[in-house]
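Asker: Once you've had a glance at the structure underneath, I'll fire off some questions.
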Amino acid sequence: MGKDDGFLKYNRELPKARDPKQRINDSNEIYTEFPEEKTKIQAARCMDCGVPFCHNGCPLGNLIPDFNDAVYDGEWERAAQILYSTNNFPEFTGRICPAPCESSCVLSINKPAVAIEHIEKAIAEKSFELGLVKAQPPVRRTGKKVAVIGSGPAGLAAAAQLNQAGHLVDVYDKDDKAGGLLRYGIPDFKLEKWTIDRRLAVLEEEGVQFKLGVEVGKDISLRRLHRKYDAVLLAIGSTKPRVLNIPGNDLKGIHFAMDYLTLHNRRVAGEDIPAETDLYARDKHVLVIGGGDTGSDCVGTANRQFAKYVSQLQYRTMPSTVRTPDNPWPETPMTYTSSSSHEEGCERSWGWLTKEFVGDENGHVTGLKVVELEWKNGREYSEKPDSEKILPCDLGLIAIGYERPMHDAFKSSFDIETDQRGNFKLKEWQTNVPGIFSAGDSFRGQSLVVWAISDGREAARAIDIYLMGASDLPSKELSK
Ligand code: FAD
């Protein structure tokens with residue numbers, strides 16, 4: 001095997017996914033083991049190009065060619081040092097990141113990209129296996145205290161960094177367990193929850209304290225925390241669901257996707273939640289409305305709940321048919337490409353507009369009236385004459401995005417400025433209230449885990465500077 005010409009010799013190969021028919025019978029991650037030797041070969045495909053665009057493609061600025069080189073040489077400790085220098089939680093991103101780094105890989109110009117996401121997961125898992133990930137409490141404490149509100153990836157990354165800088169960090173979360181959407185949004189078949197518990201144990205041993213089941217704004221006011229701590233970080237996510245404003249949306253059997261996914265994740269975690277509720281898919285015709293990550297996670301979950309039939313509706317058409325240069329809509333890959341959930345069984349329809357939910361005499365949904373759209377260009381459409389039809393639906397799951405963070409309860413404490421969308425407005429990670437910062441979806445809008453980790457790291461550095469006047473914490477912005 002020769003590294004220099006690895007990209008010419010070897011093809012991209014990834015761990016195989018288990019058979020869809022078999023894997024829907026459990027909630028475990030879908031990928032099988034991949035031998036170490038094969039991972040080294042995948043690392044050998046990295047061209048170590050002069051200007052590695054993958055660095056910029058990754059929101060964390062991961063030093064990808066460097067860790068590929070170390071993996072190829074079998075130097076796992078070196079690989080781990082390089083990876084952890086920019087990413088606190090590669091065990092999460094290595095599993096569920098849509099890998100913008102791979103889209104930026106120079107090799108992908110005319111060959112399949114280097115399997116960066118898989119290599120990242122391999123390094124993360126090898127680091128735990130070799131005992132390289134262990135608690136490293138800070139050598140000295142600064143005497144400053146920071147409250148992090150929200151224990152999703154943004155809050156956890158910030159807590160890890162702030163603790164390393166020597167500050168005492170308390171992480172508050174309204175949920176009974178930490179992890180945010182990693183735990184209660186994303187299903188186990190994408191991310192098994194022991195990965196979160198394993199990480200939390202390290203953070204706790206390093207000195208981060210978790211105050212769970214505490215809703216800030218209800219159980220304790222933000223003003224009180226502001227007084228009690230030297231700085232506060234709002235990492236509360238952006239989970240106010242967008243409402244599908246059509247007649248009949250209040251019929252029984254129509255639910256927000258997150259209510260459905262959270263309940264299922266709790267059930268898989270062993271909580272005593274009866275399966276035979278209105279929010280269970282067994283023998284039902286499940287109709288998922290919306291086509292992003294949340295929508296496809298509903299599809300995979302419904303198949304694991306023995307749904308009779310799963311279909312998914314999006315009002316946009318396939319981009320190849322109508323996309324024009326003036327199309328302003330985001331063309332996220334998930335909207336059009338298939339996810340692993342779609343392989344498990346789902347009828348997908350594009351270019352239909354939802355008109356009205358229809359129900360039976362008991363007020364339960366039975367169908368969704370839709371009409372086909374004809375797109376003139378990327379912006380304008382008209383309804384196709386005589387195309388109206390009713391799609392069967394016993395369980396309707398609304399997955400059409402999220403409006404903004406749930407910050408109404410903070411209003412009695414402070415008038416924190418928000419942008420037009422309702423996300424926190426920041427200047428160098430700080431809100432208009434001195435000492436109150438934000439990171440992750442709550443300022444960015446619903447985004448990605450990799451961005452949340454990146455924001456958490458950058459906000460931690462800003463807080464460190466606010467508290468100490470300077471900071472040794474790393475910053476992607478500085479290393480550019
Ligand atoms: P969150 O993860 O939302 O965490 C916010 C935390 O704040 C929560 O724990 C919440 O309980 C807590 N909180 C809120 N208000 C309060 C309060 N008042 N008091 C105390 N605690 C509070 N991204 C990917 O990269 N890959 C994927 O495959 C992917 N799949 C997804 C699937 C679904 C179903 C969803 C919904 C999102 C998915 N995402 C995915 C997006 C990703 O999960 C988010 O971008 C990321 O979790 C945001 O992190 P965060 O820390 O900003 O917020």
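Going through the structure tokens in order, the chains are called A, B, and so on, while each chain numbers its residues from 1 and the ligands are numbered from 1 in the order shown.
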Residues within 6 Å of ligand 1, counting only C-alpha atoms and all ligand atoms: report them as number ranges by chain.

Answerer: A: 96-97, 149-155, 172-175, 179-182, 185-186, 214-217, 235-238, 293-294, 297, 440-442, 446-450, 452

Asker: Could you list, as a VMD selection string, every residue within 9 Å of Leu391 in chain A, counting only C-alpha atoms and ignoring same-chain residues fewer than 2 positions away?

Answerer: chain A and resid 287 366 to 370 389 393

Asker: Apply DSSP to the backbone of this structure and, from range 62-116 of chain A, keep only the residues in alpha helix (DSSP H); write these as a tab-separated table (two decimals) with C-alpha atoms, in the first residue's frame.

Answerer:
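Final output, saved to out_4.tsv:
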chain	number	residue	atom	x	y	z
A	64	ILE	CA	-8.36	16.21	8.13
A	65	PRO	CA	-5.26	15.38	6.01
A	66	ASP	CA	-3.18	15.31	9.22
A	67	PHE	CA	-5.37	12.76	10.98
A	68	ASN	CA	-5.73	10.73	7.77
A	69	ASP	CA	-1.96	10.52	7.64
A	70	ALA	CA	-1.75	9.36	11.26
A	71	VAL	CA	-4.46	6.72	10.69
A	72	TYR	CA	-2.69	5.44	7.60
A	76	TRP	CA	-4.01	6.23	16.64
A	77	GLU	CA	-2.80	8.35	19.54
A	78	ARG	CA	-1.46	10.97	17.14
A	79	ALA	CA	-4.69	10.81	15.14
A	80	ALA	CA	-6.70	11.31	18.33
A	81	GLN	CA	-4.61	14.30	19.43
A	82	ILE	CA	-5.15	15.96	16.06
A	83	LEU	CA	-8.88	15.25	15.96
A	84	TYR	CA	-9.61	16.28	19.56
A	90	PRO	CA	-16.06	13.20	17.17
A	91	GLU	CA	-18.04	10.19	18.42
A	92	PHE	CA	-21.18	12.19	17.53
A	93	THR	CA	-20.07	13.91	14.33
A	94	GLY	CA	-18.44	10.67	13.11
A	95	ARG	CA	-21.90	9.08	13.24
A	96	ILE	CA	-24.42	11.72	12.21
A	100	PRO	CA	-19.71	18.98	4.51
A	101	CYS	CA	-15.97	18.17	4.58
A	102	GLU	CA	-16.57	15.35	2.12
A	103	SER	CA	-18.39	17.67	-0.28
A	104	SER	CA	-15.29	19.90	-0.15
A	116	ILE	CA	-13.72	11.33	6.24

Asker: Do you know which residues are at most 9 Å from Pro187 in chain A counting only C-alpha atoms, after dropping those on the same chain fewer than 6 positions away, and could you put them as a list of chain:residue names?

Answerer: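 Final neighbour list, sorted by chain and number: A:Ser27, A:Lys193, A:Leu261, A:Thr262, A:His264, A:Asn265, A:Val268, A:Asp297, A:Cys298, A:Gly300, A:Thr301.
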
Asker: Write a file of the selected residues as a CSV table (one decimal), in the first residue's frame, keeping C-alpha atoms.

Answerer:
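Produced file out00.csv, reproduced below:
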chain,number,residue,atom,x,y,z
A,27,SER,CA,-33.3,0.3,17.3
A,193,LYS,CA,-27.4,6.8,23.6
A,261,LEU,CA,-39.6,11.2,18.2
A,262,THR,CA,-39.1,12.2,21.8
A,264,HIS,CA,-40.0,6.9,20.9
A,265,ASN,CA,-36.5,7.7,22.1
A,268,VAL,CA,-36.2,2.8,23.5
A,297,ASP,CA,-36.1,10.2,11.3
A,298,CYS,CA,-39.9,9.9,11.5
A,300,GLY,CA,-37.3,5.2,10.1
A,301,THR,CA,-39.1,5.3,13.5

Asker: Which of these residues is nearest to His55 in chain A, using only C-alpha atoms: A:Tyr184, A:Ala99, A:Asp73, A:Arg421?

Answerer: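 Closest to His55 in chain A, using only C-alpha atoms: A:Ala99.
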